>>> print(open('model.txt').read())   # compact mmCIF, C-alpha atoms
# COMPACT_ATOMS: atom_id res chain seq x y z
CA MET A 1 87.09 88.19 126.79
CA ILE A 2 88.82 84.85 127.35
CA ASN A 3 89.09 83.29 130.80
CA GLY A 4 92.42 81.69 131.46
CA PRO A 5 95.55 81.50 133.57
CA SER A 6 96.77 84.23 135.91
CA GLU A 7 99.43 86.69 134.80
CA PRO A 8 102.19 84.98 136.87
CA GLU A 9 101.30 81.67 135.20
CA GLN A 10 101.46 83.31 131.78
CA VAL A 11 104.80 84.93 132.60
CA ALA A 12 106.24 81.56 133.65
CA PHE A 13 105.01 79.95 130.43
CA TRP A 14 106.46 82.63 128.15
CA ASP A 15 109.75 82.77 130.04
CA GLY A 16 110.13 79.05 129.36
CA TRP A 17 108.80 79.12 125.80
CA ASN A 18 111.16 81.87 124.67
CA ARG A 19 114.04 80.18 126.44
CA GLN A 20 113.30 76.99 124.50
CA TYR A 21 112.45 78.38 121.06
CA ARG A 22 113.88 81.91 120.71
CA VAL A 23 117.35 81.85 122.25
CA ASP A 24 120.16 81.07 119.79
CA ARG A 25 117.65 80.19 117.09
CA PHE A 26 116.75 81.81 113.78
CA ASP A 27 114.92 79.48 111.41
CA GLY A 28 113.20 79.78 108.04
CA PHE A 29 109.85 80.59 109.61
CA MET A 30 111.30 83.51 111.56
CA GLN A 31 113.05 84.65 108.38
CA ARG A 32 109.70 84.81 106.56
CA GLN A 33 108.22 86.83 109.42
CA CYS A 34 111.15 89.23 109.13
CA GLU A 35 110.69 89.56 105.38
CA VAL A 36 107.03 90.48 105.82
CA ALA A 37 107.70 92.96 108.61
CA ARG A 38 110.63 94.61 106.83
CA ALA A 39 108.69 94.99 103.57
CA TRP A 40 105.82 96.81 105.28
CA ALA A 41 108.09 98.85 107.55
CA ALA A 42 109.82 100.12 104.42
CA SER A 43 106.46 101.40 103.17
CA THR A 44 105.96 103.85 106.05
CA SER A 45 106.94 107.50 105.76
CA GLU A 46 109.65 109.31 107.70
CA PRO A 47 110.16 109.80 110.58
CA ARG A 48 109.63 106.21 111.63
CA ARG A 49 108.81 105.17 115.17
CA ILE A 50 108.33 101.41 115.40
CA LEU A 51 106.65 99.27 118.07
CA ASP A 52 106.93 95.46 118.32
CA VAL A 53 104.18 94.08 120.56
CA GLY A 54 105.14 90.67 121.93
CA CYS A 55 108.79 91.01 120.95
CA GLY A 56 110.16 88.06 122.94
CA THR A 57 113.95 88.11 122.80
CA GLY A 58 114.00 91.06 120.40
CA TRP A 59 115.05 89.31 117.20
CA LEU A 60 112.43 91.07 115.06
CA CYS A 61 113.19 94.44 116.70
CA ASP A 62 116.77 94.06 115.55
CA GLN A 63 115.64 93.35 111.99
CA LEU A 64 113.45 96.47 112.01
CA SER A 65 116.02 98.83 113.54
CA ALA A 66 117.26 99.77 110.06
CA PHE A 67 113.90 101.50 109.44
CA GLY A 68 113.60 103.67 112.53
CA ARG A 69 113.61 103.88 116.31
CA VAL A 70 112.29 100.61 117.72
CA THR A 71 110.58 99.82 121.01
CA GLY A 72 109.84 96.21 121.92
CA VAL A 73 107.42 95.10 124.65
CA ASP A 74 106.74 91.65 126.08
CA LEU A 75 105.07 90.06 129.09
CA SER A 76 108.12 87.90 129.78
CA PRO A 77 110.75 89.70 131.90
CA GLU A 78 113.30 86.97 131.24
CA SER A 79 112.91 87.45 127.48
CA ILE A 80 113.20 91.23 127.79
CA ALA A 81 116.39 90.81 129.84
CA GLU A 82 117.77 88.65 127.02
CA ALA A 83 116.70 91.23 124.42
CA ARG A 84 118.47 94.02 126.31
CA ARG A 85 121.62 91.91 126.54
CA ARG A 86 121.59 91.18 122.81
CA TYR A 87 120.52 94.58 121.52
CA PRO A 88 121.56 97.25 124.03
CA ALA A 89 120.94 100.10 121.58
CA LEU A 90 117.21 99.32 121.37
CA GLU A 91 114.45 100.10 123.87
CA PHE A 92 112.62 97.23 125.58
CA ARG A 93 109.81 97.20 128.14
CA ALA A 94 108.58 94.24 130.20
CA GLY A 95 104.98 93.94 131.38
CA ASP A 96 101.35 93.55 130.35
CA PHE A 97 101.02 95.52 127.11
CA GLU A 98 97.56 96.77 128.02
CA GLN A 99 98.92 98.28 131.24
CA LEU A 100 102.21 99.72 129.97
CA ASP A 101 102.45 103.50 129.57
CA LEU A 102 103.91 103.89 126.09
CA ALA A 103 104.61 107.21 124.39
CA GLY A 104 103.03 107.14 120.93
CA PRO A 105 102.25 107.84 118.27
CA TYR A 106 104.01 105.10 116.31
CA ASP A 107 104.31 105.01 112.53
CA PHE A 108 104.61 101.23 112.25
CA VAL A 109 103.45 98.54 114.66
CA VAL A 110 104.13 94.84 114.27
CA SER A 111 102.78 92.01 116.39
CA ALA A 112 103.83 88.43 115.65
CA ASP A 113 102.14 85.48 117.38
CA THR A 114 100.72 87.52 120.25
CA ILE A 115 97.02 88.24 119.73
CA ALA A 116 96.13 84.55 120.05
CA HIS A 117 97.57 84.57 123.57
CA VAL A 118 95.92 87.62 125.13
CA ARG A 119 92.84 87.54 127.33
CA ASP A 120 90.92 90.38 125.64
CA GLN A 121 91.57 90.62 121.89
CA PRO A 122 89.33 93.67 121.20
CA ARG A 123 91.05 95.59 123.98
CA PHE A 124 94.44 94.54 122.61
CA ILE A 125 93.57 95.96 119.19
CA ASP A 126 92.13 99.13 120.73
CA LYS A 127 95.37 99.72 122.65
CA ILE A 128 97.42 99.33 119.48
CA ALA A 129 95.13 101.74 117.61
CA SER A 130 95.45 104.30 120.40
CA LEU A 131 99.24 104.29 120.04
CA MET A 132 99.33 104.80 116.26
CA ARG A 133 99.25 107.90 114.12
CA VAL A 134 96.57 108.23 111.48
CA GLY A 135 97.94 106.60 108.35
CA GLY A 136 100.33 104.37 110.28
CA ILE A 137 100.75 100.73 109.26
CA PHE A 138 99.95 97.74 111.47
CA ALA A 139 101.35 94.34 110.47
CA LEU A 140 99.63 91.55 112.40
CA MET A 141 100.90 87.99 112.15
CA THR A 142 99.21 85.16 114.00
CA GLN A 143 98.72 81.41 113.88
CA ASN A 144 96.35 80.23 111.16
CA PRO A 145 93.62 78.10 112.82
CA PHE A 146 92.67 76.45 109.53
CA VAL A 147 96.18 75.02 109.27
CA TRP A 148 97.01 74.34 112.91
CA ASN A 149 93.73 72.48 113.46
CA ARG A 150 94.89 70.18 110.65
CA SER A 151 98.46 69.67 111.84
CA SER A 152 99.94 66.64 113.58
CA GLN A 153 102.77 68.86 114.85
CA LEU A 154 100.56 70.84 117.23
CA ASP A 155 101.73 70.62 120.83
CA PRO A 156 99.14 70.29 123.61
CA GLN A 157 98.14 73.54 125.28
CA ARG A 158 100.33 74.07 128.33
CA ARG A 159 99.71 75.51 131.75
CA GLY A 160 99.93 79.30 131.61
CA GLN A 161 99.16 79.48 127.88
CA ILE A 162 96.12 81.25 126.48
CA ARG A 163 95.40 79.92 123.00
CA HIS A 164 92.61 81.34 120.88
CA TRP A 165 93.55 81.60 117.22
CA PRO A 166 91.36 84.21 115.49
CA SER A 167 90.17 83.43 111.97
CA VAL A 168 90.49 85.91 109.12
CA ALA A 169 86.82 86.85 109.63
CA GLU A 170 87.44 87.50 113.33
CA LEU A 171 90.51 89.58 112.56
CA ARG A 172 88.53 91.67 110.09
CA ARG A 173 85.89 92.32 112.74
CA LEU A 174 88.51 93.26 115.31
CA LEU A 175 90.23 95.71 112.98
CA ARG A 176 87.37 97.32 111.09
CA GLY A 177 86.59 100.00 113.68
CA SER A 178 90.01 101.68 113.61
CA PHE A 179 91.78 100.29 110.57
CA GLU A 180 91.52 99.91 106.80
CA ILE A 181 92.71 96.44 105.80
CA LEU A 182 95.29 96.56 103.02
CA HIS A 183 96.49 92.97 102.70
CA VAL A 184 95.57 89.45 103.83
CA SER A 185 97.66 86.38 103.10
CA SER A 186 99.64 83.68 104.88
CA ILE A 187 103.21 82.45 105.12
CA ALA A 188 104.95 79.09 105.63
CA PRO A 189 102.65 76.44 104.09
CA GLY A 190 101.92 73.64 106.54
CA GLY A 191 99.41 71.14 107.88
CA ASP A 192 99.11 67.45 107.07
CA ARG A 193 95.53 66.43 107.89
CA GLY A 194 92.25 66.64 106.00
CA ILE A 195 92.51 68.59 102.77
CA LEU A 196 95.98 69.77 103.75
CA ARG A 197 97.25 66.25 103.20
CA LEU A 198 96.78 67.06 99.52
CA THR A 199 98.24 70.58 99.50
CA ASN A 200 101.33 69.35 101.32
CA SER A 201 101.65 66.04 99.53
CA TYR A 202 105.21 65.43 98.34
CA LYS A 203 104.01 64.29 94.92
CA VAL A 204 101.67 67.25 94.45
CA ASN A 205 104.29 69.74 95.56
CA ARG A 206 106.96 68.18 93.34
CA LEU A 207 104.62 68.51 90.37
CA LEU A 208 103.72 72.12 91.24
CA SER A 209 107.39 72.99 91.65
CA GLN A 210 108.18 71.49 88.24
CA VAL A 211 105.36 73.47 86.59
CA LEU A 212 105.57 76.74 88.52
CA GLY A 213 109.00 76.74 90.14
CA GLU A 214 109.53 76.45 93.90
CA ALA A 215 109.16 80.15 94.69
CA ARG A 216 105.90 80.49 92.74
CA ARG A 217 104.53 77.28 94.30
CA THR A 218 105.14 78.65 97.80
CA GLN A 219 103.67 82.02 96.84
CA LEU A 220 100.53 80.34 95.50
CA LEU A 221 99.97 78.34 98.68
CA GLU A 222 100.54 81.43 100.80
CA GLN A 223 98.01 83.41 98.78
CA LEU A 224 95.51 80.55 99.22
CA ARG A 225 95.98 81.08 102.99
CA VAL A 226 97.20 77.58 103.74
CA GLY A 227 100.33 78.89 105.45
CA ARG A 228 100.85 78.28 109.16
CA GLU A 229 100.79 82.03 109.81
CA LEU A 230 98.14 84.55 108.80
CA VAL A 231 99.34 87.99 107.75
CA VAL A 232 96.94 90.93 107.98
CA VAL A 233 98.21 94.42 107.25
CA ALA A 234 96.08 97.46 107.97
CA ARG A 235 96.28 101.27 107.92
CA ARG A 236 95.18 103.32 110.94
CA ARG A 237 92.13 105.42 110.04
>>> encode(input="model.txt", output="structure tokens")
Amino acid sequence: MINGPSEPEQVAFWDGWNRQYRVDRFDGFMQRQCEVARAWAASTSEPRRILDVGCGTGWLCDQLSAFGRVTGVDLSPESIAEARRRYPALEFRAGDFEQLDLAGPYDFVVSADTIAHVRDQPRFIDKIASLMRVGGIFALMTQNPFVWNRSSQLDPQRRGQIRHWPSVAELRRLLRGSFEILHVSSIAPGGDRGILRLTNSYKVNRLLSQVLGEARRTQLLEQLRVGRELVVVARRR
């Protein structure tokens, strides 16, 4: 369990963060997250009930609504209000995920950039497992510590922000009790310090693109787990 800021401090941080980065914005990184989530949502069987844990302003919920009935939850009431305004046909709940009374079971659960910011990561995973049907798919996306610890673009930790990026090994330990891991990779190659100065060198990447093609170059780096975001997909036991 991680000590850290109070819930009101966390709420204030996430209200501001989503206001700054997730209102009227849809960039290439978010697009890659959507592609991952949509691909795995499509793999679940009918009927599909979908839960987005840490949904922010609801942009990923909207992308997943083609695959079933979506519920989005987030600690930030301001972000949930924005999500309801944008996507009135979808269901959104504001509050601490661990305390919310949600009616499972869900067939597909996605959580993007949330586990690194919760106080008790094992409890977070246990709550998700308790809401899923056996055989359901969980797509977990979170910041890759190997990359972010080697990035000059990392902002200082702010007041109200919990920040503990779990490694792949930690994620495996967290999931192994209730889940069978199906897939581990990364998306959005990044970082510019240490060895990542080489993997993201303009000259190296130009050469790789000439030899492999741009799409294959990106795919290779993602498979090598030097993307900014880890992707771990697991099936509920």
>>> closest_residue(input="model.txt", among="A:Ala41, A:Val110, A:Val147, A:Val211", to="Ala129 of chain A", atoms="only C-alpha atoms")
A:Val110
>>> closest_residue(input="model.txt", among="A:Ile50, A:Ala81, A:Leu175, A:Val226", to="Lys127 of chain A", atoms="only C-alpha atoms")
A:Leu175
>>> axis_aligned_box(input="model.txt", around="segment 192-204 of chain A", padding_each_side="3 Å", output="lines of an AutoDock Vina configuration file")
center_x = 98.7
center_y = 67.4
center_z = 101.2
size_x = 19.0
size_y = 12.3
size_z = 19.4
>>> atom_distance(input="model.txt", atom1="atom CA of Val11 of chain A", atom2="atom CA of Phe146 of chain A")
27.4 Å
>>> residues_near_point(input="model.txt", point="(97.5, 86.2, 112.3)", cutoff="7 Å", atoms="only C-alpha atoms", output="compact mmCIF listing (two decimals) with C-alpha atoms, in the coordinates of the input")
# COMPACT_ATOMS: atom_id res chain seq x y z
CA ASP A 113 102.14 85.48 117.38
CA LEU A 140 99.63 91.55 112.40
CA MET A 141 100.90 87.99 112.15
CA THR A 142 99.21 85.16 114.00
CA GLN A 143 98.72 81.41 113.88
CA ASN A 144 96.35 80.23 111.16
CA GLU A 229 100.79 82.03 109.81
CA LEU A 230 98.14 84.55 108.80
CA VAL A 231 99.34 87.99 107.75
CA VAL A 232 96.94 90.93 107.98
>>> decode(input="model.txt", residues="segment 109-122 of chain A", atoms="all heavy atoms", output="PDB file, in the first residue's frame")
ATOM      1  N   VAL A 109     -13.025  -5.466 -19.374  1.00  0.00           N
ATOM      2  CA  VAL A 109     -12.636  -4.327 -18.538  1.00  0.00           C
ATOM      3  C   VAL A 109     -11.355  -3.738 -19.108  1.00  0.00           C
ATOM      4  O   VAL A 109     -10.412  -4.467 -19.441  1.00  0.00           O
ATOM      5  CB  VAL A 109     -12.410  -4.748 -17.073  1.00  0.00           C
ATOM      6  CG1 VAL A 109     -11.904  -3.556 -16.250  1.00  0.00           C
ATOM      7  CG2 VAL A 109     -13.697  -5.302 -16.465  1.00  0.00           C
ATOM      8  N   VAL A 110     -11.328  -2.422 -19.211  1.00  0.00           N
ATOM      9  CA  VAL A 110     -10.124  -1.727 -19.649  1.00  0.00           C
ATOM     10  C   VAL A 110      -9.762  -0.698 -18.582  1.00  0.00           C
ATOM     11  O   VAL A 110     -10.644  -0.097 -17.957  1.00  0.00           O
ATOM     12  CB  VAL A 110     -10.324  -1.053 -21.025  1.00  0.00           C
ATOM     13  CG1 VAL A 110     -11.405   0.012 -20.977  1.00  0.00           C
ATOM     14  CG2 VAL A 110      -9.019  -0.450 -21.532  1.00  0.00           C
ATOM     15  N   SER A 111      -8.476  -0.529 -18.363  1.00  0.00           N
ATOM     16  CA  SER A 111      -8.000   0.514 -17.457  1.00  0.00           C
ATOM     17  C   SER A 111      -6.731   1.103 -18.057  1.00  0.00           C
ATOM     18  O   SER A 111      -5.731   0.402 -18.204  1.00  0.00           O
ATOM     19  CB  SER A 111      -7.730  -0.051 -16.063  1.00  0.00           C
ATOM     20  OG  SER A 111      -7.323   0.979 -15.185  1.00  0.00           O
ATOM     21  N   ALA A 112      -6.794   2.370 -18.405  1.00  0.00           N
ATOM     22  CA  ALA A 112      -5.663   3.044 -19.057  1.00  0.00           C
ATOM     23  C   ALA A 112      -5.096   4.120 -18.134  1.00  0.00           C
ATOM     24  O   ALA A 112      -5.813   5.053 -17.742  1.00  0.00           O
ATOM     25  CB  ALA A 112      -6.098   3.655 -20.389  1.00  0.00           C
ATOM     26  N   ASP A 113      -3.837   3.968 -17.754  1.00  0.00           N
ATOM     27  CA  ASP A 113      -3.115   4.980 -16.972  1.00  0.00           C
ATOM     28  C   ASP A 113      -3.790   5.275 -15.636  1.00  0.00           C
ATOM     29  O   ASP A 113      -3.935   6.436 -15.244  1.00  0.00           O
ATOM     30  CB  ASP A 113      -2.965   6.269 -17.788  1.00  0.00           C
ATOM     31  CG  ASP A 113      -2.156   6.049 -19.042  1.00  0.00           C
ATOM     32  OD1 ASP A 113      -1.194   5.261 -18.992  1.00  0.00           O
ATOM     33  OD2 ASP A 113      -2.490   6.642 -20.091  1.00  0.00           O
ATOM     34  N   THR A 114      -4.194   4.212 -14.939  1.00  0.00           N
ATOM     35  CA  THR A 114      -4.864   4.379 -13.652  1.00  0.00           C
ATOM     36  C   THR A 114      -4.146   3.651 -12.527  1.00  0.00           C
ATOM     37  O   THR A 114      -3.958   4.197 -11.432  1.00  0.00           O
ATOM     38  CB  THR A 114      -6.321   3.895 -13.732  1.00  0.00           C
ATOM     39  OG1 THR A 114      -7.012   4.661 -14.722  1.00  0.00           O
ATOM     40  CG2 THR A 114      -7.038   4.060 -12.402  1.00  0.00           C
ATOM     41  N   ILE A 115      -3.701   2.419 -12.760  1.00  0.00           N
ATOM     42  CA  ILE A 115      -3.135   1.631 -11.667  1.00  0.00           C
ATOM     43  C   ILE A 115      -1.922   2.299 -11.029  1.00  0.00           C
ATOM     44  O   ILE A 115      -1.674   2.145  -9.821  1.00  0.00           O
ATOM     45  CB  ILE A 115      -2.786   0.195 -12.138  1.00  0.00           C
ATOM     46  CG1 ILE A 115      -2.493  -0.697 -10.913  1.00  0.00           C
ATOM     47  CG2 ILE A 115      -1.627   0.197 -13.127  1.00  0.00           C
ATOM     48  CD1 ILE A 115      -2.337  -2.158 -11.244  1.00  0.00           C
ATOM     49  N   ALA A 116      -1.167   3.058 -11.791  1.00  0.00           N
ATOM     50  CA  ALA A 116       0.014   3.738 -11.250  1.00  0.00           C
ATOM     51  C   ALA A 116      -0.346   4.853 -10.278  1.00  0.00           C
ATOM     52  O   ALA A 116       0.523   5.372  -9.584  1.00  0.00           O
ATOM     53  CB  ALA A 116       0.856   4.312 -12.386  1.00  0.00           C
ATOM     54  N   HIS A 117      -1.635   5.200 -10.206  1.00  0.00           N
ATOM     55  CA  HIS A 117      -2.060   6.353  -9.417  1.00  0.00           C
ATOM     56  C   HIS A 117      -3.047   5.976  -8.310  1.00  0.00           C
ATOM     57  O   HIS A 117      -3.753   6.844  -7.798  1.00  0.00           O
ATOM     58  CB  HIS A 117      -2.677   7.402 -10.339  1.00  0.00           C
ATOM     59  CG  HIS A 117      -1.795   7.735 -11.507  1.00  0.00           C
ATOM     60  ND1 HIS A 117      -0.571   8.359 -11.357  1.00  0.00           N
ATOM     61  CD2 HIS A 117      -1.931   7.490 -12.835  1.00  0.00           C
ATOM     62  CE1 HIS A 117      -0.006   8.500 -12.552  1.00  0.00           C
ATOM     63  NE2 HIS A 117      -0.815   7.976 -13.459  1.00  0.00           N
ATOM     64  N   VAL A 118      -3.095   4.696  -7.958  1.00  0.00           N
ATOM     65  CA  VAL A 118      -3.961   4.273  -6.862  1.00  0.00           C
ATOM     66  C   VAL A 118      -3.105   3.916  -5.654  1.00  0.00           C
ATOM     67  O   VAL A 118      -1.942   3.518  -5.785  1.00  0.00           O
ATOM     68  CB  VAL A 118      -4.863   3.087  -7.256  1.00  0.00           C
ATOM     69  CG1 VAL A 118      -5.730   3.451  -8.454  1.00  0.00           C
ATOM     70  CG2 VAL A 118      -4.053   1.835  -7.549  1.00  0.00           C
ATOM     71  N   ARG A 119      -3.689   4.022  -4.483  1.00  0.00           N
ATOM     72  CA  ARG A 119      -2.948   3.816  -3.248  1.00  0.00           C
ATOM     73  C   ARG A 119      -2.614   2.348  -3.012  1.00  0.00           C
ATOM     74  O   ARG A 119      -1.547   2.001  -2.517  1.00  0.00           O
ATOM     75  CB  ARG A 119      -3.766   4.363  -2.073  1.00  0.00           C
ATOM     76  CG  ARG A 119      -2.971   4.563  -0.800  1.00  0.00           C
ATOM     77  CD  ARG A 119      -3.851   5.112   0.307  1.00  0.00           C
ATOM     78  NE  ARG A 119      -4.507   6.337  -0.066  1.00  0.00           N
ATOM     79  CZ  ARG A 119      -3.943   7.539  -0.001  1.00  0.00           C
ATOM     80  NH1 ARG A 119      -2.695   7.664   0.426  1.00  0.00           N
ATOM     81  NH2 ARG A 119      -4.603   8.612  -0.353  1.00  0.00           N
ATOM     82  N   ASP A 120      -3.540   1.449  -3.359  1.00  0.00           N
ATOM     83  CA  ASP A 120      -3.382   0.029  -3.054  1.00  0.00           C
ATOM     84  C   ASP A 120      -3.578  -0.769  -4.348  1.00  0.00           C
ATOM     85  O   ASP A 120      -4.706  -1.106  -4.724  1.00  0.00           O
ATOM     86  CB  ASP A 120      -4.401  -0.388  -1.993  1.00  0.00           C
ATOM     87  CG  ASP A 120      -4.136  -1.763  -1.413  1.00  0.00           C
ATOM     88  OD1 ASP A 120      -3.578  -2.614  -2.142  1.00  0.00           O
ATOM     89  OD2 ASP A 120      -4.503  -2.008  -0.248  1.00  0.00           O
ATOM     90  N   GLN A 121      -2.498  -1.081  -5.045  1.00  0.00           N
ATOM     91  CA  GLN A 121      -2.600  -1.745  -6.345  1.00  0.00           C
ATOM     92  C   GLN A 121      -3.151  -3.164  -6.252  1.00  0.00           C
ATOM     93  O   GLN A 121      -3.976  -3.553  -7.089  1.00  0.00           O
ATOM     94  CB  GLN A 121      -1.247  -1.708  -7.050  1.00  0.00           C
ATOM     95  CG  GLN A 121      -0.843  -0.290  -7.437  1.00  0.00           C
ATOM     96  CD  GLN A 121       0.513  -0.201  -8.104  1.00  0.00           C
ATOM     97  OE1 GLN A 121       1.283  -1.167  -8.130  1.00  0.00           O
ATOM     98  NE2 GLN A 121       0.838   0.968  -8.642  1.00  0.00           N
ATOM     99  N   PRO A 122      -2.756  -3.991  -5.267  1.00  0.00           N
ATOM    100  CA  PRO A 122      -3.365  -5.325  -5.160  1.00  0.00           C
ATOM    101  C   PRO A 122      -4.878  -5.255  -4.951  1.00  0.00           C
ATOM    102  O   PRO A 122      -5.635  -6.035  -5.544  1.00  0.00           O
ATOM    103  CB  PRO A 122      -2.652  -5.942  -3.955  1.00  0.00           C
ATOM    104  CG  PRO A 122      -1.334  -5.249  -3.909  1.00  0.00           C
ATOM    105  CD  PRO A 122      -1.625  -3.843  -4.320  1.00  0.00           C
TER     106      PRO A 122
END
